$ cat data.cif   # mmCIF, C-alpha atoms
data_start
loop_
_atom_site.group_PDB
_atom_site.id
_atom_site.type_symbol
_atom_site.label_atom_id
_atom_site.label_comp_id
_atom_site.auth_asym_id
_atom_site.auth_seq_id
_atom_site.Cartn_x
_atom_site.Cartn_y
_atom_site.Cartn_z
ATOM 1 C CA ASP A 1 -6.924 7.722 -23.908
ATOM 2 C CA THR A 2 -7.863 7.676 -20.242
ATOM 3 C CA ALA A 3 -4.889 6.650 -18.120
ATOM 4 C CA VAL A 4 -6.747 5.749 -14.917
ATOM 5 C CA SER A 5 -10.478 5.170 -15.193
ATOM 6 C CA GLN A 6 -13.096 4.446 -12.555
ATOM 7 C CA THR A 7 -16.698 3.318 -12.712
ATOM 8 C CA PRO A 8 -19.186 4.449 -11.724
ATOM 9 C CA LYS A 9 -18.619 8.197 -11.390
ATOM 10 C CA TYR A 10 -21.591 8.559 -9.061
ATOM 11 C CA LEU A 11 -23.090 5.965 -6.744
ATOM 12 C CA VAL A 12 -26.138 6.577 -4.585
ATOM 13 C CA THR A 13 -27.274 3.735 -2.359
ATOM 14 C CA GLN A 14 -28.970 2.951 0.924
ATOM 15 C CA MET A 15 -27.430 1.947 4.207
ATOM 16 C CA GLY A 16 -26.758 -1.749 4.496
ATOM 17 C CA ASN A 17 -26.277 -2.347 0.780
ATOM 18 C CA ASP A 18 -23.157 -3.821 -0.817
ATOM 19 C CA LYS A 19 -21.500 -1.989 -3.716
ATOM 20 C CA SER A 20 -18.370 -2.146 -5.864
ATOM 21 C CA ILE A 21 -16.209 0.438 -7.573
ATOM 22 C CA LYS A 22 -13.970 -0.580 -10.456
ATOM 23 C CA CYS A 23 -10.625 0.876 -11.443
ATOM 24 C CA GLU A 24 -8.433 0.256 -14.470
ATOM 25 C CA GLN A 25 -5.134 1.765 -15.545
ATOM 26 C CA ASN A 26 -3.513 1.532 -18.970
ATOM 27 C CA LEU A 27 -0.163 2.985 -17.950
ATOM 28 C CA GLY A 28 1.562 -0.344 -17.360
ATOM 29 C CA HIS A 29 2.157 0.563 -13.720
ATOM 30 C CA ASP A 30 2.904 -2.062 -11.064
ATOM 31 C CA THR A 31 1.283 -0.287 -8.125
ATOM 32 C CA MET A 32 -2.308 0.793 -7.575
ATOM 33 C CA TYR A 33 -4.045 2.600 -4.726
ATOM 34 C CA TRP A 34 -7.357 3.593 -3.240
ATOM 35 C CA TYR A 35 -7.763 6.932 -1.477
ATOM 36 C CA LYS A 36 -10.751 8.394 0.331
ATOM 37 C CA GLN A 37 -11.557 12.110 0.184
ATOM 38 C CA ASP A 38 -13.967 13.322 2.850
ATOM 39 C CA SER A 39 -16.336 16.267 2.750
ATOM 40 C CA LYS A 40 -13.557 18.619 3.885
ATOM 41 C CA LYS A 41 -11.395 17.535 0.941
ATOM 42 C CA PHE A 42 -8.972 15.652 3.165
ATOM 43 C CA LEU A 43 -7.300 12.771 1.302
ATOM 44 C CA LYS A 44 -6.188 9.592 2.999
ATOM 45 C CA ILE A 45 -4.736 6.352 1.706
ATOM 46 C CA MET A 46 -6.847 3.239 2.140
ATOM 47 C CA PHE A 47 -4.983 0.490 0.265
ATOM 48 C CA SER A 48 -1.876 -0.029 -1.829
ATOM 49 C CA TYR A 49 -1.291 -2.983 -4.119
ATOM 50 C CA ASN A 50 1.995 -3.836 -5.775
ATOM 51 C CA ASN A 51 1.981 -6.510 -8.471
ATOM 52 C CA LYS A 52 -1.441 -7.676 -7.261
ATOM 53 C CA GLU A 53 -0.261 -8.044 -3.655
ATOM 54 C CA LEU A 54 -1.599 -5.979 -0.767
ATOM 55 C CA ILE A 55 1.117 -3.693 0.602
ATOM 56 C CA ILE A 56 -0.821 -1.217 2.717
ATOM 57 C CA ASN A 57 -4.125 -1.536 4.548
ATOM 58 C CA GLU A 58 -4.432 1.719 6.421
ATOM 59 C CA THR A 59 -6.796 0.821 9.285
ATOM 60 C CA VAL A 60 -9.743 0.446 6.987
ATOM 61 C CA PRO A 61 -12.803 -1.440 8.297
ATOM 62 C CA ASN A 62 -13.150 -5.052 7.190
ATOM 63 C CA ARG A 63 -16.274 -4.066 5.269
ATOM 64 C CA PHE A 64 -13.917 -2.698 2.597
ATOM 65 C CA SER A 65 -12.271 -5.389 0.494
ATOM 66 C CA PRO A 66 -10.004 -4.555 -2.414
ATOM 67 C CA LYS A 67 -9.388 -7.078 -5.171
ATOM 68 C CA SER A 68 -6.725 -6.990 -7.835
ATOM 69 C CA PRO A 69 -7.371 -9.586 -10.558
ATOM 70 C CA ASP A 70 -4.335 -8.331 -12.508
ATOM 71 C CA LYS A 71 -1.862 -5.459 -12.408
ATOM 72 C CA ALA A 72 -4.126 -3.207 -14.456
ATOM 73 C CA HIS A 73 -7.187 -3.497 -12.225
ATOM 74 C CA LEU A 74 -7.968 -2.757 -8.595
ATOM 75 C CA ASN A 75 -11.583 -2.969 -7.531
ATOM 76 C CA LEU A 76 -13.096 -1.928 -4.231
ATOM 77 C CA HIS A 77 -16.009 -3.804 -2.717
ATOM 78 C CA ILE A 78 -17.866 -2.349 0.245
ATOM 79 C CA ASN A 79 -20.236 -4.420 2.384
ATOM 80 C CA SER A 80 -22.985 -3.142 4.655
ATOM 81 C CA LEU A 81 -22.605 0.488 3.671
ATOM 82 C CA GLU A 82 -22.857 3.108 6.409
ATOM 83 C CA LEU A 83 -23.640 6.829 6.281
ATOM 84 C CA GLY A 84 -20.018 7.595 7.153
ATOM 85 C CA ASP A 85 -18.830 5.871 3.990
ATOM 86 C CA SER A 86 -20.166 8.778 1.947
ATOM 87 C CA ALA A 87 -17.118 10.323 0.290
ATOM 88 C CA VAL A 88 -15.244 10.535 -2.972
ATOM 89 C CA TYR A 89 -13.050 7.514 -3.643
ATOM 90 C CA PHE A 90 -10.034 7.897 -5.890
ATOM 91 C CA CYS A 91 -8.044 5.187 -7.558
ATOM 92 C CA ALA A 92 -4.425 5.893 -8.495
ATOM 93 C CA SER A 93 -1.436 4.122 -9.988
ATOM 94 C CA SER A 94 2.319 4.600 -10.096
ATOM 95 C CA GLN A 95 5.547 2.995 -11.148
ATOM 96 C CA PRO A 96 7.695 3.371 -8.018
ATOM 97 C CA LYS A 97 10.944 2.357 -9.657
ATOM 98 C CA SER A 98 10.824 5.159 -12.214
ATOM 99 C CA GLY A 99 9.329 7.975 -10.158
ATOM 100 C CA LYS A 100 7.094 8.243 -7.184
ATOM 101 C CA GLU A 101 4.311 10.348 -8.683
ATOM 102 C CA GLN A 102 0.850 8.833 -8.699
ATOM 103 C CA TYR A 103 -1.760 9.275 -11.408
ATOM 104 C CA PHE A 104 -5.333 9.585 -10.255
ATOM 105 C CA GLY A 105 -8.653 8.552 -11.687
ATOM 106 C CA PRO A 106 -11.620 10.961 -11.864
ATOM 107 C CA GLY A 107 -13.113 9.713 -8.607
ATOM 108 C CA THR A 108 -16.340 7.996 -7.576
ATOM 109 C CA ARG A 109 -18.719 10.039 -5.469
ATOM 110 C CA LEU A 110 -20.476 7.630 -3.108
ATOM 111 C CA THR A 111 -23.572 8.840 -1.291
ATOM 112 C CA VAL A 112 -25.131 6.583 1.314
ATOM 113 C CA THR A 113 -28.678 7.502 2.380
ATOM 114 C CA GLY B 1 5.356 9.800 11.505
ATOM 115 C CA ASN B 2 5.537 11.674 8.244
ATOM 116 C CA SER B 3 3.169 14.597 7.756
ATOM 117 C CA VAL B 4 2.432 17.605 5.571
ATOM 118 C CA THR B 5 1.119 20.966 6.726
ATOM 119 C CA GLN B 6 -0.412 23.476 4.352
ATOM 120 C CA MET B 7 -1.631 26.984 4.909
ATOM 121 C CA GLU B 8 -5.322 27.325 5.564
ATOM 122 C CA GLY B 9 -7.511 28.631 2.793
ATOM 123 C CA PRO B 10 -9.326 29.968 1.036
ATOM 124 C CA VAL B 11 -6.832 32.215 -0.675
ATOM 125 C CA THR B 12 -8.565 34.909 -2.701
ATOM 126 C CA LEU B 13 -6.573 36.885 -5.260
ATOM 127 C CA SER B 14 -7.207 39.202 -8.159
ATOM 128 C CA GLU B 15 -6.131 38.131 -11.622
ATOM 129 C CA GLU B 16 -2.394 38.719 -12.281
ATOM 130 C CA ALA B 17 -1.554 38.752 -8.562
ATOM 131 C CA PHE B 18 1.397 36.811 -7.135
ATOM 132 C CA LEU B 19 0.574 33.507 -5.461
ATOM 133 C CA THR B 20 2.292 31.725 -2.603
ATOM 134 C CA ILE B 21 0.845 28.652 -0.911
ATOM 135 C CA ASN B 22 2.979 27.488 1.988
ATOM 136 C CA CYS B 23 3.769 23.828 2.582
ATOM 137 C CA THR B 24 6.038 22.316 5.213
ATOM 138 C CA TYR B 25 6.698 18.680 5.907
ATOM 139 C CA THR B 26 7.971 16.299 8.556
ATOM 140 C CA ALA B 27 9.673 13.167 7.313
ATOM 141 C CA THR B 28 12.438 10.706 7.918
ATOM 142 C CA GLY B 29 14.912 10.779 5.079
ATOM 143 C CA TYR B 30 14.322 12.790 1.926
ATOM 144 C CA PRO B 31 11.025 11.895 0.331
ATOM 145 C CA SER B 32 9.863 13.061 -3.083
ATOM 146 C CA LEU B 33 7.528 16.067 -2.849
ATOM 147 C CA PHE B 34 4.560 16.931 -5.034
ATOM 148 C CA TRP B 35 1.917 19.520 -5.721
ATOM 149 C CA TYR B 36 -1.411 18.264 -7.033
ATOM 150 C CA VAL B 37 -4.325 20.374 -8.237
ATOM 151 C CA GLN B 38 -8.007 19.495 -8.108
ATOM 152 C CA TYR B 39 -10.370 21.509 -10.285
ATOM 153 C CA PRO B 40 -14.055 21.529 -9.297
ATOM 154 C CA GLY B 41 -15.684 18.143 -9.834
ATOM 155 C CA GLU B 42 -12.501 16.541 -11.100
ATOM 156 C CA GLY B 43 -9.756 14.212 -9.909
ATOM 157 C CA LEU B 44 -6.250 15.144 -8.856
ATOM 158 C CA GLN B 45 -3.712 16.195 -11.450
ATOM 159 C CA LEU B 46 -0.001 16.232 -10.819
ATOM 160 C CA LEU B 47 1.149 19.837 -11.071
ATOM 161 C CA LEU B 48 4.845 19.479 -10.306
ATOM 162 C CA LYS B 49 7.339 17.435 -8.337
ATOM 163 C CA ALA B 50 10.813 17.497 -6.818
ATOM 164 C CA THR B 51 12.764 14.408 -5.869
ATOM 165 C CA LYS B 52 15.747 15.769 -3.942
ATOM 166 C CA ALA B 53 16.940 18.769 -1.985
ATOM 167 C CA ASP B 54 17.286 22.019 -3.974
ATOM 168 C CA ASP B 55 15.333 20.592 -6.912
ATOM 169 C CA LYS B 56 12.889 23.039 -8.442
ATOM 170 C CA GLY B 57 9.713 21.658 -9.938
ATOM 171 C CA SER B 58 7.845 23.782 -12.461
ATOM 172 C CA ASN B 59 4.819 23.533 -14.709
ATOM 173 C CA LYS B 60 2.275 25.959 -16.231
ATOM 174 C CA GLY B 61 3.969 28.936 -14.572
ATOM 175 C CA PHE B 62 3.922 27.321 -11.112
ATOM 176 C CA GLU B 63 7.170 26.636 -9.252
ATOM 177 C CA ALA B 64 8.219 25.030 -5.985
ATOM 178 C CA THR B 65 11.698 24.400 -4.561
ATOM 179 C CA TYR B 66 12.570 21.497 -2.261
ATOM 180 C CA ARG B 67 14.156 23.186 0.783
ATOM 181 C CA LYS B 68 15.754 20.696 3.119
ATOM 182 C CA GLU B 69 16.912 23.332 5.625
ATOM 183 C CA THR B 70 13.411 24.651 6.209
ATOM 184 C CA THR B 71 11.569 21.399 5.313
ATOM 185 C CA SER B 72 9.402 23.395 2.934
ATOM 186 C CA PHE B 73 8.010 23.137 -0.580
ATOM 187 C CA HIS B 74 6.089 26.365 -1.133
ATOM 188 C CA LEU B 75 4.089 26.777 -4.335
ATOM 189 C CA GLU B 76 4.448 30.050 -6.247
ATOM 190 C CA LYS B 77 3.128 31.636 -9.416
ATOM 191 C CA GLY B 78 3.973 35.085 -10.638
ATOM 192 C CA SER B 79 0.623 35.965 -12.224
ATOM 193 C CA VAL B 80 -2.497 33.939 -11.500
ATOM 194 C CA GLN B 81 -5.439 33.561 -13.848
ATOM 195 C CA VAL B 82 -9.112 32.924 -13.175
ATOM 196 C CA SER B 83 -8.587 29.432 -14.581
ATOM 197 C CA ASP B 84 -6.152 28.668 -11.736
ATOM 198 C CA SER B 85 -9.061 28.601 -9.273
ATOM 199 C CA ALA B 86 -8.900 25.132 -7.710
ATOM 200 C CA VAL B 87 -7.796 23.250 -4.607
ATOM 201 C CA TYR B 88 -4.044 22.682 -4.321
ATOM 202 C CA PHE B 89 -2.561 19.792 -2.359
ATOM 203 C CA CYS B 90 1.009 19.391 -1.193
ATOM 204 C CA ALA B 91 2.078 15.762 -0.746
ATOM 205 C CA LEU B 92 5.069 13.610 0.080
ATOM 206 C CA ASP B 93 5.895 10.075 -0.898
ATOM 207 C CA SER B 94 6.072 7.679 2.042
ATOM 208 C CA SER B 95 6.608 4.019 1.163
ATOM 209 C CA TYR B 96 3.836 3.081 -1.251
ATOM 210 C CA LYS B 97 1.531 5.941 -0.325
ATOM 211 C CA LEU B 98 1.208 9.691 -0.632
ATOM 212 C CA ILE B 99 0.633 11.735 2.487
ATOM 213 C CA PHE B 100 -1.350 14.841 1.656
ATOM 214 C CA GLY B 101 -1.733 18.202 3.274
ATOM 215 C CA SER B 102 -5.260 19.401 3.977
ATOM 216 C CA GLY B 103 -5.505 21.301 0.687
ATOM 217 C CA THR B 104 -5.703 25.039 0.003
ATOM 218 C CA ARG B 105 -8.552 26.464 -2.018
ATOM 219 C CA LEU B 106 -7.530 29.253 -4.391
ATOM 220 C CA LEU B 107 -10.120 31.634 -5.799
ATOM 221 C CA VAL B 108 -8.979 34.069 -8.471
ATOM 222 C CA ARG B 109 -11.293 36.960 -9.286
ATOM 223 C CA PRO B 110 -11.314 38.785 -12.641
#
$ encode --input "data.cif" --output "structure tokens"
Amino acid sequence: DTAVSQTPKYLVTQMGNDKSIKCEQNLGHDTMYWYKQDSKKFLKIMFSYNNKELIINETVPNRFSPKSPDKAHLNLHINSLELGDSAVYFCASSQPKSGKEQYFGPGTRLTVT
Amino acid sequence: GNSVTQMEGPVTLSEEAFLTINCTYTATGYPSLFWYVQYPGEGLQLLLKATKADDKGSNKGFEATYRKETTSFHLEKGSVQVSDSAVYFCALDSSYKLIFGSGTRLLVRP
């Protein structure tokens, strides 16, 4: 059983396109996240959602729009893709009231050409 | 603001050598601390955690102790294996997000 899953695993697209990445967790957690890992492996938070409500938007361009249809899903839509958006995007989830550790999905490697 | 500083890599060791990866943090209050590991081509896996001062987290032979006095959470393992080759991230919890260090790549040679 996969705890946090993401689709697709790889995404290659051209500049200017719009794309989405989907994330689902079956852990029953209330909080979900998106992180971006750049080419130097540096990890930075993008968004946090708690019970489907946006908690953190960490200075991410408006072209990125997260959507949480329910507590188990947090999708990431990206408009007008740019070369600098190329990275690995990780979804994660946690249950803050019972421990602060976050569980990560396998990542989506986005390449913008 | 809160931050995490890790030692620069790569760290190259021979099998069965002793490992230390240094991690220090800056934070208000006493956040939970974590070590995550990322194997090539994979996501992040929680390796161990500590939630308060003097706690020792341990898993798979790895250990780290939450030191409030030195604001440190160094990762140690007594005898590394080739299969431990990966990137290791120190992180702290900061209000609905994790703040990560820059990661330390470990390469273990047979």
$ closest_residue --input "data.cif" --among "A:Asn26, A:Gln95, A:Gln102, A:Asn79" --to "Leu98 of chain B" --atoms "only C-alpha atoms"
A:Gln102
$ interface_residues --input "data.cif" --of "chain A" --to "chain B" --cutoff "10 Å" --atoms "all atoms listed in the file" --output "MDAnalysis selection string"
chainID A and resid 31:35 40:50 55:56 58 88:92 94 96 99:109
$ axis_aligned_box --input "data.cif" --around "segment 38-41 of chain B" --padding-each-side "4 Å" --output "AutoDock Vina command-line options"
--center_x -11.8 --center_y 19.8 --center_z -9.2 --size_x 15.7 --size_y 11.4 --size_z 10.2
$ residues_around --input "data.cif" --residues "Glu24 of chain A" --least-positions-apart "6" --cutoff "8 Å" --atoms "only C-alpha atoms" --output "list in words"
Val4, Ser5, Gln6, Ala72, His73 and Leu74 of chain A
$ resolve_selection --input "data.cif" --expression "the PyMOL selection byres ((chain B and resi 20) around 8)" --output "list of chain:residue names"
B:Phe18, B:Leu19, B:Ile21, B:Asn22, B:His74, B:Leu75, B:Glu76, B:Lys77
$ atom_distance --input "data.cif" --atom1 "atom CA of Glu16 of chain B" --atom2 "atom CA of Tyr88 of chain B"
18.0 Å
$ atom_distance --input "data.cif" --atom1 "atom CA of Thr13 of chain A" --atom2 "atom CA of Ser86 of chain A"
9.7 Å
$ atom_distance --input "data.cif" --atom1 "atom CA of Leu106 of chain B" --atom2 "atom CA of Ser85 of chain B"
5.2 Å
$ residues_near_point --input "data.cif" --point "(-10.7, -5.9, -7.5)" --cutoff "9 Å" --atoms "only C-alpha atoms" --output "VMD selection string"
chain A and resid 20 to 23 65 to 70 73 to 77
$ closest_residue --input "data.cif" --among "B:Met7, B:Cys90, B:Arg109, B:Asp84" --to "Pro40 of chain B" --atoms "only C-alpha atoms"
B:Asp84
$ residues_near_point --input "data.cif" --point "(-0.9, 33.6, -16.0)" --cutoff "9 Å" --atoms "all atoms listed in the file" --output "compact mmCIF listing (two decimals) with C-alpha atoms, keeping the file's coordinate frame"
# COMPACT_ATOMS: atom_id res chain seq x y z
CA GLU B 15 -6.13 38.13 -11.62
CA GLU B 16 -2.39 38.72 -12.28
CA LYS B 60 2.28 25.96 -16.23
CA GLY B 61 3.97 28.94 -14.57
CA LYS B 77 3.13 31.64 -9.42
CA GLY B 78 3.97 35.08 -10.64
CA SER B 79 0.62 35.97 -12.22
CA VAL B 80 -2.50 33.94 -11.50
CA GLN B 81 -5.44 33.56 -13.85
CA VAL B 82 -9.11 32.92 -13.18
CA SER B 83 -8.59 29.43 -14.58
CA ASP B 84 -6.15 28.67 -11.74
$ residues_around --input "data.cif" --residues "Leu107 of chain B" --least-positions-apart "5" --cutoff "7 Å" --atoms "all atoms listed in the file" --output "MDAnalysis selection string"
chainID B and resid 11:13 85:86
$ closest_residue --input "data.cif" --among "A:Leu110, A:Ala3, A:Leu27, A:Met15" --to "Leu81 of chain A" --atoms "all atoms listed in the file"
A:Met15
